[in-house]
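So this one's data34.txt, compact mmCIF, C-alpha atoms and all ligand atoms:
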# COMPACT_ATOMS: atom_id res chain seq x y z
CA MET A 21 2.66 -4.22 -12.86
CA SER A 22 -0.63 -2.91 -14.20
CA ILE A 23 -1.01 -1.20 -17.57
CA LEU A 24 -2.25 1.79 -15.52
CA SER A 25 1.12 2.21 -13.83
CA GLY A 26 2.37 5.77 -14.26
CA LYS A 27 -0.94 6.97 -15.72
CA ASN A 28 -2.69 10.09 -14.40
CA ILE A 29 -6.16 9.10 -13.34
CA LEU A 30 -8.76 11.71 -12.51
CA LEU A 31 -11.66 10.30 -10.52
CA GLY A 32 -14.92 12.27 -10.62
CA ILE A 33 -17.36 11.44 -7.84
CA SER A 34 -21.00 12.46 -7.96
CA ALA A 35 -23.60 12.17 -5.23
CA GLY A 36 -24.81 8.62 -4.98
CA ILE A 37 -24.56 6.21 -2.07
CA ALA A 38 -22.00 4.17 -4.05
CA ALA A 39 -19.61 7.09 -3.48
CA TYR A 40 -18.54 5.35 -0.25
CA LYS A 41 -16.91 2.66 -2.43
CA THR A 42 -14.65 5.19 -4.14
CA ALA A 43 -12.20 5.04 -1.24
CA SER A 44 -11.43 1.45 -2.30
CA LEU A 45 -11.30 2.51 -5.93
CA VAL A 46 -8.70 5.19 -5.22
CA ARG A 47 -6.71 2.61 -3.27
CA LEU A 48 -6.82 0.17 -6.19
CA PHE A 49 -5.66 2.82 -8.67
CA ILE A 50 -2.79 3.77 -6.38
CA LYS A 51 -1.84 0.11 -5.92
CA ALA A 52 -1.84 -0.24 -9.72
CA GLY A 53 0.85 2.48 -9.80
CA ALA A 54 -1.35 5.30 -11.10
CA ASN A 55 -1.26 8.95 -9.98
CA VAL A 56 -4.71 9.84 -8.73
CA LYS A 57 -6.55 13.14 -8.34
CA VAL A 58 -10.15 13.46 -7.27
CA VAL A 59 -12.82 15.97 -8.21
CA ILE A 60 -16.04 15.61 -6.25
CA THR A 61 -19.42 17.34 -6.50
CA PRO A 62 -20.36 19.38 -3.40
CA SER A 63 -23.26 17.05 -2.49
CA ALA A 64 -21.11 13.90 -2.89
CA LYS A 65 -19.10 15.10 0.12
CA ASP A 66 -22.04 13.94 2.25
CA PHE A 67 -21.30 10.36 1.19
CA VAL A 68 -17.48 10.25 1.34
CA THR A 69 -15.14 12.74 2.91
CA PRO A 70 -12.51 14.64 0.94
CA LEU A 71 -10.09 13.90 3.79
CA THR A 72 -10.41 10.14 3.16
CA LEU A 73 -9.90 10.65 -0.56
CA SER A 74 -6.98 13.07 -0.26
CA THR A 75 -5.26 10.77 2.25
CA LEU A 76 -5.60 7.79 -0.08
CA SER A 77 -4.80 9.66 -3.32
CA LYS A 78 -2.01 11.74 -1.72
CA ASN A 79 -3.41 14.75 -3.55
CA PRO A 80 -5.79 17.56 -2.62
CA VAL A 81 -9.41 16.87 -3.52
CA HIS A 82 -11.20 19.56 -5.52
CA SER A 83 -14.86 20.33 -5.33
CA THR A 84 -15.59 23.96 -6.15
CA PHE A 85 -14.25 26.50 -8.63
CA VAL A 86 -12.78 28.49 -5.79
CA ASP A 87 -11.06 26.82 -2.87
CA ASN A 88 -11.47 29.17 0.10
CA SER A 89 -10.26 26.81 2.79
CA ASP A 90 -6.83 28.44 2.72
CA GLU A 91 -6.58 31.57 0.60
CA ASP A 92 -9.00 32.01 -2.26
CA LEU A 93 -7.54 29.63 -4.83
CA TRP A 94 -8.96 29.13 -8.28
CA ASN A 95 -9.25 25.40 -9.09
CA ASN A 96 -8.36 25.25 -12.73
CA HIS A 97 -10.66 22.75 -14.42
CA VAL A 98 -8.77 23.09 -17.72
CA GLU A 99 -5.50 22.11 -16.06
CA LEU A 100 -7.15 19.18 -14.27
CA GLY A 101 -8.71 18.00 -17.52
CA LEU A 102 -5.40 18.23 -19.36
CA TRP A 103 -3.48 16.53 -16.54
CA ALA A 104 -5.63 13.40 -16.82
CA ASP A 105 -4.71 10.45 -19.03
CA LEU A 106 -8.01 8.87 -18.03
CA PHE A 107 -11.10 10.45 -16.46
CA ILE A 108 -13.36 8.08 -14.54
CA ILE A 109 -16.69 9.28 -13.25
CA ALA A 110 -17.85 6.88 -10.55
CA PRO A 111 -20.47 6.85 -9.29
CA ALA A 112 -22.16 8.67 -12.14
CA THR A 113 -25.64 9.67 -11.02
CA ALA A 114 -28.60 10.20 -13.36
CA ASN A 115 -28.33 13.94 -12.68
CA THR A 116 -24.60 14.17 -13.49
CA LEU A 117 -24.98 11.96 -16.58
CA SER A 118 -27.83 14.07 -17.88
CA LYS A 119 -25.82 17.25 -17.34
CA MET A 120 -22.76 15.72 -19.03
CA ALA A 121 -24.89 14.67 -21.99
CA ASN A 122 -26.19 18.21 -22.36
CA GLY A 123 -23.05 20.23 -21.75
CA VAL A 124 -24.21 21.72 -18.46
CA CYS A 125 -21.27 22.80 -16.36
CA ASP A 126 -22.56 24.17 -13.09
CA ASN A 127 -19.93 22.48 -10.94
CA LEU A 128 -16.19 21.77 -11.11
CA LEU A 129 -16.63 18.09 -12.05
CA LEU A 130 -18.79 19.00 -15.06
CA ALA A 131 -16.53 21.84 -16.18
CA THR A 132 -13.56 19.46 -15.97
CA TYR A 133 -15.50 16.90 -18.02
CA LEU A 134 -16.00 19.49 -20.76
CA SER A 135 -12.28 20.36 -20.70
CA ALA A 136 -10.92 16.80 -20.67
CA LYS A 137 -9.37 15.52 -23.89
CA CYS A 138 -8.59 12.05 -22.56
CA PRO A 139 -10.79 8.92 -22.62
CA VAL A 140 -13.73 9.30 -20.23
CA TYR A 141 -15.32 6.32 -18.46
CA PHE A 142 -18.51 6.52 -16.43
CA ALA A 143 -19.90 3.99 -13.97
CA PRO A 144 -23.62 4.68 -13.48
CA ALA A 145 -25.21 4.12 -10.09
CA MET A 146 -28.88 4.72 -9.41
CA ASP A 147 -32.11 3.03 -8.50
CA LEU A 148 -33.51 0.51 -11.00
CA ASP A 149 -36.35 2.66 -12.29
CA MET A 150 -34.05 5.64 -12.80
CA TYR A 151 -31.60 3.33 -14.63
CA LYS A 152 -34.32 2.21 -17.03
CA HIS A 153 -35.86 5.65 -17.56
CA PRO A 154 -35.80 6.81 -21.21
CA THR A 155 -34.00 10.03 -20.27
CA THR A 156 -31.21 8.02 -18.61
CA LEU A 157 -30.94 5.76 -21.63
CA LYS A 158 -30.84 8.88 -23.80
CA SER A 159 -27.94 10.22 -21.67
CA PHE A 160 -26.06 6.91 -22.06
CA ASN A 161 -26.51 7.01 -25.82
CA SER A 162 -25.45 10.65 -26.13
CA LEU A 163 -22.36 10.04 -23.99
CA LYS A 164 -21.44 6.93 -25.98
CA SER A 165 -21.82 8.95 -29.17
CA TYR A 166 -19.26 11.43 -27.74
CA GLY A 167 -16.84 8.50 -27.36
CA ASN A 168 -17.30 8.11 -23.60
CA ILE A 169 -17.20 4.57 -22.29
CA ILE A 170 -19.86 3.12 -20.03
CA ILE A 171 -18.89 0.72 -17.25
CA PRO A 172 -22.27 -0.97 -16.95
CA ALA A 173 -24.08 -1.12 -13.66
CA THR A 174 -24.79 -4.54 -12.27
CA SER A 175 -27.91 -6.15 -10.90
CA GLY A 176 -28.45 -6.72 -7.22
CA GLU A 177 -29.77 -5.24 -4.05
CA LEU A 178 -29.99 -1.47 -4.22
CA ALA A 179 -29.80 1.11 -1.42
CA SER A 180 -33.57 1.60 -1.75
CA GLY A 181 -34.08 -2.03 -0.76
CA LEU A 182 -35.32 -2.87 -4.26
CA VAL A 183 -33.51 -5.46 -6.32
CA GLY A 184 -32.56 -4.79 -9.92
CA GLU A 185 -30.12 -3.13 -12.30
CA GLY A 186 -28.38 0.03 -11.15
CA ARG A 187 -25.66 -0.99 -8.69
CA MET A 188 -22.34 0.64 -9.50
CA ALA A 189 -19.80 -1.95 -10.70
CA GLU A 190 -17.55 -3.05 -7.82
CA PRO A 191 -14.21 -1.16 -7.55
CA GLN A 192 -12.17 -4.23 -8.56
CA ASP A 193 -14.42 -4.72 -11.59
CA ILE A 194 -14.08 -1.04 -12.53
CA LEU A 195 -10.29 -1.41 -12.38
CA SER A 196 -10.32 -4.61 -14.48
CA PHE A 197 -12.73 -3.06 -16.99
CA ILE A 198 -10.47 -0.04 -17.51
CA GLU A 199 -7.27 -2.13 -17.69
CA LYS A 200 -8.85 -4.39 -20.31
CA ASP A 201 -10.16 -1.45 -22.30
CA VAL A 202 -6.82 0.39 -22.23
CA ILE A 203 -4.95 -2.76 -23.30
CA GLY A 204 -7.50 -3.44 -26.06
CA LYS A 205 -6.75 -0.08 -27.69
CA LEU A 206 -2.96 -0.47 -27.74
CA PRO A 207 -1.21 -1.19 -31.06
CA LEU A 208 0.05 -4.64 -29.99
CA SER A 209 -3.14 -5.71 -28.24
CA GLY A 210 -4.02 -9.32 -29.08
CA LYS A 211 -0.45 -10.05 -30.23
CA LYS A 212 1.84 -12.57 -28.58
CA ILE A 213 5.58 -11.88 -28.56
CA LEU A 214 8.35 -14.28 -27.63
CA ILE A 215 11.55 -12.66 -26.40
CA THR A 216 14.85 -14.28 -25.40
CA ALA A 217 17.14 -12.37 -23.06
CA GLY A 218 20.34 -12.60 -21.05
CA PRO A 219 23.25 -15.02 -21.28
CA THR A 220 23.24 -18.80 -21.24
CA TYR A 221 25.44 -20.83 -18.90
CA GLU A 222 27.00 -24.03 -20.23
CA ALA A 223 27.94 -26.41 -17.45
CA LEU A 224 31.45 -27.83 -17.18
CA ASP A 225 30.88 -29.72 -13.98
CA PRO A 226 28.43 -29.39 -11.05
CA VAL A 227 29.94 -26.05 -9.95
CA ARG A 228 31.39 -24.38 -13.06
CA PHE A 229 30.06 -23.07 -16.31
CA ILE A 230 31.05 -21.13 -19.42
CA GLY A 231 29.03 -17.92 -19.64
CA ASN A 232 29.17 -14.35 -20.90
CA HIS A 233 28.64 -10.80 -19.63
CA SER A 234 25.16 -10.22 -21.06
CA SER A 235 23.04 -8.42 -18.45
CA GLY A 236 19.66 -9.12 -20.06
CA LYS A 237 18.83 -5.38 -19.95
CA MET A 238 18.03 -5.07 -23.65
CA GLY A 239 15.70 -8.09 -23.68
CA PHE A 240 13.89 -6.97 -20.52
CA GLU A 241 13.42 -3.46 -21.95
CA ILE A 242 11.96 -4.97 -25.13
CA ALA A 243 9.63 -7.11 -23.02
CA LYS A 244 8.49 -4.08 -21.02
CA ALA A 245 7.95 -1.94 -24.11
CA SER A 246 6.02 -4.77 -25.83
CA ALA A 247 3.77 -5.23 -22.79
CA ASN A 248 3.22 -1.47 -22.50
CA LEU A 249 1.98 -1.57 -26.09
CA GLY A 250 -0.51 -4.28 -25.14
CA ALA A 251 1.30 -7.46 -26.23
CA GLU A 252 1.28 -10.66 -24.23
CA VAL A 253 4.95 -11.46 -23.68
CA ILE A 254 6.71 -14.80 -23.26
CA LEU A 255 10.10 -13.82 -21.87
CA ILE A 256 12.63 -16.66 -21.93
CA THR A 257 15.64 -15.53 -19.98
CA GLY A 258 19.02 -16.90 -19.05
CA PRO A 259 20.47 -16.15 -15.58
CA THR A 260 20.19 -12.40 -14.90
CA HIS A 261 19.46 -9.92 -12.11
CA GLN A 262 16.76 -8.17 -14.17
CA LYS A 263 13.24 -8.19 -12.78
CA SER A 264 9.84 -7.64 -14.27
CA LYS A 265 6.43 -7.62 -12.66
CA HIS A 266 4.31 -6.53 -15.61
CA SER A 267 0.96 -8.31 -15.68
CA LEU A 268 1.39 -9.04 -19.42
CA ILE A 269 4.90 -10.55 -19.11
CA LYS A 270 5.32 -14.23 -18.32
CA ILE A 271 8.89 -15.19 -17.45
CA PHE A 272 10.43 -18.56 -18.28
CA PRO A 273 13.87 -18.83 -16.66
CA VAL A 274 16.40 -21.11 -18.36
CA ILE A 275 20.09 -21.86 -17.88
CA SER A 276 21.66 -23.38 -20.97
CA ALA A 277 21.35 -22.87 -24.72
CA GLN A 278 19.58 -26.22 -24.96
CA ASP A 279 17.02 -25.16 -22.30
CA MET A 280 16.44 -21.91 -24.18
CA TYR A 281 16.09 -23.81 -27.47
CA ASP A 282 13.49 -26.18 -25.96
CA GLU A 283 11.50 -23.39 -24.30
CA ALA A 284 11.52 -21.21 -27.46
CA HIS A 285 10.30 -24.12 -29.60
CA LYS A 286 7.52 -24.85 -27.11
CA HIS A 287 6.03 -21.38 -27.61
CA PHE A 288 7.03 -20.35 -31.12
CA LYS A 289 4.00 -21.66 -33.00
CA PHE A 290 1.65 -19.66 -30.79
CA VAL A 291 3.33 -16.27 -31.21
CA ASP A 292 3.08 -13.49 -33.79
CA VAL A 293 6.57 -12.11 -33.22
CA ALA A 294 9.83 -13.56 -31.87
CA ILE A 295 12.68 -11.28 -30.86
CA LEU A 296 15.87 -13.15 -30.00
CA SER A 297 18.09 -10.79 -28.06
CA ALA A 298 19.79 -13.39 -25.83
CA ALA A 299 23.53 -13.80 -25.96
CA VAL A 300 23.40 -17.55 -26.47
CA ALA A 301 26.64 -19.49 -26.06
CA ASP A 302 27.82 -20.71 -29.46
CA TYR A 303 29.75 -23.60 -27.88
CA LYS A 304 29.29 -25.85 -24.86
CA PRO A 305 31.55 -28.41 -23.21
CA LYS A 306 31.30 -31.73 -25.02
CA GLN A 307 31.32 -33.60 -21.73
CA VAL A 308 29.83 -32.33 -18.49
CA ALA A 309 31.78 -33.89 -15.64
CA ASN A 310 29.64 -35.59 -13.01
CA GLN A 311 32.00 -34.53 -10.25
CA LYS A 312 33.93 -31.30 -9.72
CA ILE A 313 36.99 -31.29 -12.00
CA LYS A 314 40.10 -31.48 -9.77
CA LYS A 315 43.09 -29.34 -10.64
CA LYS A 316 46.17 -31.08 -11.97
CA ASP A 317 49.73 -29.94 -12.58
CA SER A 318 49.36 -30.02 -16.34
CA THR A 319 47.16 -27.76 -18.45
CA LEU A 320 43.48 -28.45 -18.84
CA VAL A 321 42.05 -28.82 -22.32
CA LEU A 322 38.31 -28.47 -22.79
CA GLU A 323 36.63 -29.89 -25.82
CA LEU A 324 33.68 -27.79 -26.95
CA GLU A 325 30.90 -28.56 -29.37
CA LYS A 326 28.46 -26.22 -31.08
CA THR A 327 25.14 -25.39 -29.48
CA LYS A 328 21.98 -25.35 -31.57
CA ASP A 329 21.30 -21.98 -33.20
CA ILE A 330 17.85 -21.10 -31.84
CA LEU A 331 17.33 -18.18 -34.21
CA ALA A 332 18.25 -20.17 -37.32
CA SER A 333 16.06 -23.08 -36.22
CA LEU A 334 13.04 -20.78 -35.81
CA GLY A 335 13.84 -19.19 -39.20
CA ASN A 336 13.59 -22.68 -40.71
CA ILE A 337 10.14 -23.43 -39.36
CA LYS A 338 8.53 -19.99 -39.32
CA SER A 339 5.24 -19.42 -41.14
CA ASN A 340 3.71 -15.96 -40.64
CA GLN A 341 5.73 -14.90 -37.62
CA ILE A 342 7.91 -11.81 -37.67
CA LEU A 343 11.35 -13.05 -36.64
CA VAL A 344 13.91 -10.61 -35.28
CA GLY A 345 17.56 -11.34 -34.52
CA PHE A 346 20.46 -9.40 -33.08
CA ALA A 347 23.98 -9.19 -34.43
CA LEU A 348 27.04 -7.99 -32.57
CA GLU A 349 29.77 -7.29 -35.10
CA THR A 350 33.25 -5.85 -34.93
CA GLU A 351 34.08 -5.68 -38.66
CA ASN A 352 32.17 -5.46 -41.96
CA GLU A 353 29.19 -4.83 -39.71
CA LEU A 354 26.50 -4.05 -42.27
CA GLU A 355 27.53 -6.78 -44.70
CA ASN A 356 27.71 -9.42 -41.98
CA ALA A 357 24.38 -8.40 -40.50
CA LYS A 358 22.66 -8.48 -43.90
CA ALA A 359 24.13 -11.93 -44.59
CA LYS A 360 22.88 -13.15 -41.18
CA LEU A 361 19.39 -11.81 -41.86
CA LYS A 362 19.24 -13.75 -45.11
CA LYS A 363 20.85 -16.93 -43.85
CA LYS A 364 18.59 -17.19 -40.79
CA ASN A 365 15.43 -16.18 -42.70
CA LEU A 366 14.72 -13.11 -40.53
CA ASN A 367 12.42 -10.15 -41.08
CA LEU A 368 14.56 -7.73 -39.10
CA ILE A 369 18.03 -7.72 -37.64
CA VAL A 370 19.32 -5.31 -35.02
CA LEU A 371 22.99 -4.57 -35.46
CA ASN A 372 25.11 -3.40 -32.52
CA SER A 373 28.60 -2.38 -33.29
CA LEU A 374 31.06 -2.82 -30.46
CA LYS A 375 33.03 0.09 -31.93
CA ASP A 376 30.37 2.48 -30.69
CA LYS A 377 30.94 3.85 -27.23
CA GLY A 378 27.94 3.13 -24.96
CA ALA A 379 26.75 0.15 -27.03
CA GLY A 380 26.62 -3.49 -26.05
CA PHE A 381 26.71 -5.41 -22.79
CA LYS A 382 26.07 -4.02 -19.31
CA THR A 383 25.48 -0.43 -20.45
CA ASP A 384 22.14 1.38 -20.14
CA THR A 385 22.49 2.69 -23.67
CA ASN A 386 22.77 1.17 -27.09
CA LYS A 387 23.46 2.32 -30.62
CA VAL A 388 21.84 0.20 -33.24
CA THR A 389 21.12 -0.06 -36.93
CA ILE A 390 17.97 -1.94 -37.93
CA ILE A 391 17.94 -3.74 -41.26
CA ASP A 392 14.82 -5.28 -42.72
CA ASP A 393 14.19 -8.04 -45.25
CA GLN A 394 13.61 -5.42 -47.98
CA ASN A 395 17.15 -4.16 -47.41
CA MET A 396 15.97 -0.99 -45.65
CA VAL A 397 18.73 0.23 -43.35
CA THR A 398 17.86 2.62 -40.49
CA GLU A 399 20.67 3.94 -38.35
CA TYR A 400 19.73 5.23 -34.90
CA GLN A 401 21.53 7.58 -32.49
CA LEU A 402 22.98 6.42 -29.17
CA LYS A 403 19.89 6.02 -26.98
CA SER A 404 18.75 4.45 -23.75
CA LYS A 405 17.91 0.76 -24.10
CA ALA A 406 14.26 1.65 -23.37
CA GLU A 407 14.25 4.00 -26.37
CA VAL A 408 15.99 1.42 -28.56
CA ALA A 409 13.27 -1.07 -27.57
CA SER A 410 10.62 1.43 -28.57
CA ASP A 411 12.31 2.11 -31.96
CA LEU A 412 12.47 -1.63 -32.61
CA LEU A 413 8.81 -2.13 -31.73
CA ASN A 414 7.81 0.70 -34.08
CA GLU A 415 9.57 -1.18 -36.89
CA ILE A 416 7.79 -4.39 -35.88
CA ILE A 417 4.38 -2.65 -35.78
CA LYS A 418 5.03 -1.39 -39.33
CA LYS A 419 5.73 -4.98 -40.43
CA LEU A 420 2.64 -6.32 -38.69
CA ASP A 421 0.50 -3.63 -40.34
CA ALA A 422 2.00 -4.18 -43.80
N1 LIG B 1 21.41 -16.94 -31.40
C1 LIG B 1 20.59 -18.01 -31.10
N2 LIG B 1 21.11 -19.22 -30.78
C2 LIG B 1 22.43 -19.44 -30.77
C3 LIG B 1 23.30 -18.36 -31.08
C4 LIG B 1 22.74 -17.13 -31.38
O1 LIG B 1 19.37 -17.81 -31.08
N3 LIG B 1 22.92 -20.62 -30.45
C5 LIG B 1 20.80 -15.66 -31.77
C6 LIG B 1 21.06 -14.53 -30.82
O2 LIG B 1 20.05 -14.43 -29.86
C7 LIG B 1 21.08 -13.34 -31.76
C8 LIG B 1 21.69 -13.88 -33.01
O3 LIG B 1 21.43 -15.28 -32.99
O4 LIG B 1 19.78 -12.89 -32.07
C9 LIG B 1 23.17 -13.71 -33.07
O5 LIG B 1 23.61 -14.38 -34.18
P1 LIG B 1 24.99 -15.13 -34.24
O6 LIG B 1 25.13 -15.65 -35.61
O7 LIG B 1 25.13 -16.09 -33.13
O8 LIG B 1 25.91 -13.98 -33.98
P2 LIG B 1 27.20 -14.09 -33.26
O9 LIG B 1 27.04 -14.75 -31.91
O10 LIG B 1 27.71 -12.73 -33.26
O11 LIG B 1 27.90 -15.15 -34.20
P3 LIG B 1 29.05 -15.05 -35.23
O12 LIG B 1 30.20 -15.50 -34.46
O13 LIG B 1 28.58 -16.02 -36.28
O14 LIG B 1 29.09 -13.66 -35.71
Could you rewrite the structure in this file as structure tokens?
Amino acid sequence: MSILSGKNILLGISAGIAAYKTASLVRLFIKAGANVKVVITPSAKDFVTPLTLSTLSKNPVHSTFVDNSDEDLWNNHVELGLWADLFIIAPATANTLSKMANGVCDNLLLATYLSAKCPVYFAPAMDLDMYKHPTTLKSFNSLKSYGNIIIPATSGELASGLVGEGRMAEPQDILSFIEKDVIGKLPLSGKKILITAGPTYEALDPVRFIGNHSSGKMGFEIAKASANLGAEVILITGPTHQKSKHSLIKIFPVISAQDMYDEAHKHFKFVDVAILSAAVADYKPKQVANQKIKKKDSTLVLELEKTKDILASLGNIKSNQILVGFALETENELENAKAKLKKKNLNLIVLNSLKDKGAGFKTDTNKVTIIDDQNMVTEYQLKSKAEVASDLLNEIIKKLDA
């Protein structure tokens, strides 16, 4: 999943030959999961048809202040500008850039530009001498000073037959540029987060195991929220039906507590934050039978031994990492959670109380209290697991900024 998934992208097309490439660009934005609307200058319609763009974007394409194809409809540039999370002007011709730089708004694209409050990107496309002209450079500088972001043109063969700088960046490169820029501005950009999720299965014999009902939902929501805030996520998960396709989440599937321990230790020294939300088995069978255990008439006694405590072991070796644990308590909740935080050398502990309706395993909601190493206790309402993940990450961001 791209970081642009769910974002509203407004694509502004001005009249350059590179406009024919915007059909691919719309397609790429849609594939990335974005909602796309297009505003096109009247002369750009000679290079790419609104029908192509509306078919690909699944939205009407706007070009003039008044749409008289049906009834006379006013195309509201303010609404379009406010709708957009990102406004991308590609291709941006010398004429459009100069008008943008000077506040001219004699077409719908330019009026929308003046109304937009979101980040604006522009991908220049023009012949090499126009690209180098002092007035063009002046436009670039003015636009950059307004906070607009240039997606530089590349060098190569131009429509004029000349070779030089001025080719619009390729659609795939425009997409990658924007994704990278968006990620770079997020609060967890550049941070690496290790997350454990789900249950562990402890083998008894080749066909049986001891497990628990953890669904992995909480851990996967934390992974998603971390990635949406720009973090690179190492998600170590026990057996679960949860899925994630986020481009910033790398999944490491494990089965047993020992597997999870090994995988967590492999990555821990490279991460800034570790959030251990897995429901790790505390005990495992002392012997794993090589063959299926046959039933007998008498009772079966299993001898169990303790698994390694992953959280405590990371607490022992941690240097600057923020370490976060979970606690599921049924009595003396706060006291027990505080004791666990201290004993395992944590920075934060998330307490779930099983007494609360809607909290715990297999539900979509959770009710938590977050306690930090300064003894700050924050009690949250019953919320969706996605919202709990976001509350937790806000606490972590505060710690990282401290
Ligand atoms: N945990 C772990 N490795 C284990 C057991 C637990 O990493 N072998 C982590 C869990 O992921 C969770 C926290 O430790 O973050 C839970 O702490 P724990 O002391 O195991 O709590 P309980 O399982 O509730 O244990 P207790 O019976 O001691 O209350």
One number please: atom CA of Ala217 of chain A to atom CA of Gly231 of chain A, in Å, one decimal.
13.6 Å
Up to 6 Å from (-17.5, 1.4, -4.0) in the file's coordinates: name the residues, counting only C-alpha atoms, as number ranges by chain.
A: 38, 40-42, 190-191
Of the candidates A:Lys405, A:Lys326, A:Lys315, A:Lys338, which shows the shortest atom-to-atom distance to Gly236 of chain A, using only C-alpha atoms?
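Closest residue, counting only C-alpha atoms: A:Lys405.
Proximity ranking of A:Leu361, A:Leu255, A:Ile60, A:Leu324 relative to ligand LIG 1 (chain B) places A:Leu361 first, based on only C-alpha atoms and all ligand atoms.
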One-decimal distance in Å that lies between atom O8 of ligand LIG 1 (chain B) and atom CA of Ala298 of chain A
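One can read the atom CA of Ala298 of chain A to atom O8 of ligand LIG 1 (chain B) distance as 10.2 Å.
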One number please: atom CA of Thr385 of chain A to atom CA of Ser25 of chain A, in Å, one decimal.
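Distance between the two atoms: 23.5 Å.
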Quick one: residues within 7 Å of ligand LIG 1 (chain B), with all atoms listed in the file, as a VMD selection string?
chain A and resid 216 277 296 to 302 327 to 332 345 to 349 360
Could you check the closest approach to Ile198 of chain A for each of A:Val291, A:Leu31, A:Val124, A:Ile171 and tell me which residue wins, using only C-alpha atoms?
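Nearest candidate to Ile198 of chain A out of A:Val291, A:Leu31, A:Val124, A:Ile171: A:Ile171.
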Ile230 of chain A environment, 9 Å, all atoms listed in the file, sequence neighbours closer than 5 positions dropped, as an mmCIF file with C-alpha atoms, keeping the file's coordinate frame:
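This went into part27.cif:
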data_model
loop_
_atom_site.group_PDB
_atom_site.id
_atom_site.type_symbol
_atom_site.label_atom_id
_atom_site.label_comp_id
_atom_site.auth_asym_id
_atom_site.auth_seq_id
_atom_site.Cartn_x
_atom_site.Cartn_y
_atom_site.Cartn_z
ATOM 1 C CA THR A 220 23.240 -18.800 -21.240
ATOM 2 C CA TYR A 221 25.440 -20.830 -18.900
ATOM 3 C CA GLU A 222 27.000 -24.030 -20.230
ATOM 4 C CA ALA A 223 27.940 -26.410 -17.450
ATOM 5 C CA LEU A 224 31.450 -27.830 -17.180
ATOM 6 C CA ALA A 301 26.640 -19.490 -26.060
ATOM 7 C CA TYR A 303 29.750 -23.600 -27.880
ATOM 8 C CA LYS A 304 29.290 -25.850 -24.860
ATOM 9 C CA PRO A 305 31.550 -28.410 -23.210
#
Counting all atoms listed in the file, which of A:Leu178, A:Met280, A:Leu128, A:Ile37 gets nearest to Ala110 of chain A?
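Looking only at the distances to Ala110 of chain A, the closest residue turns out to be A:Ile37.
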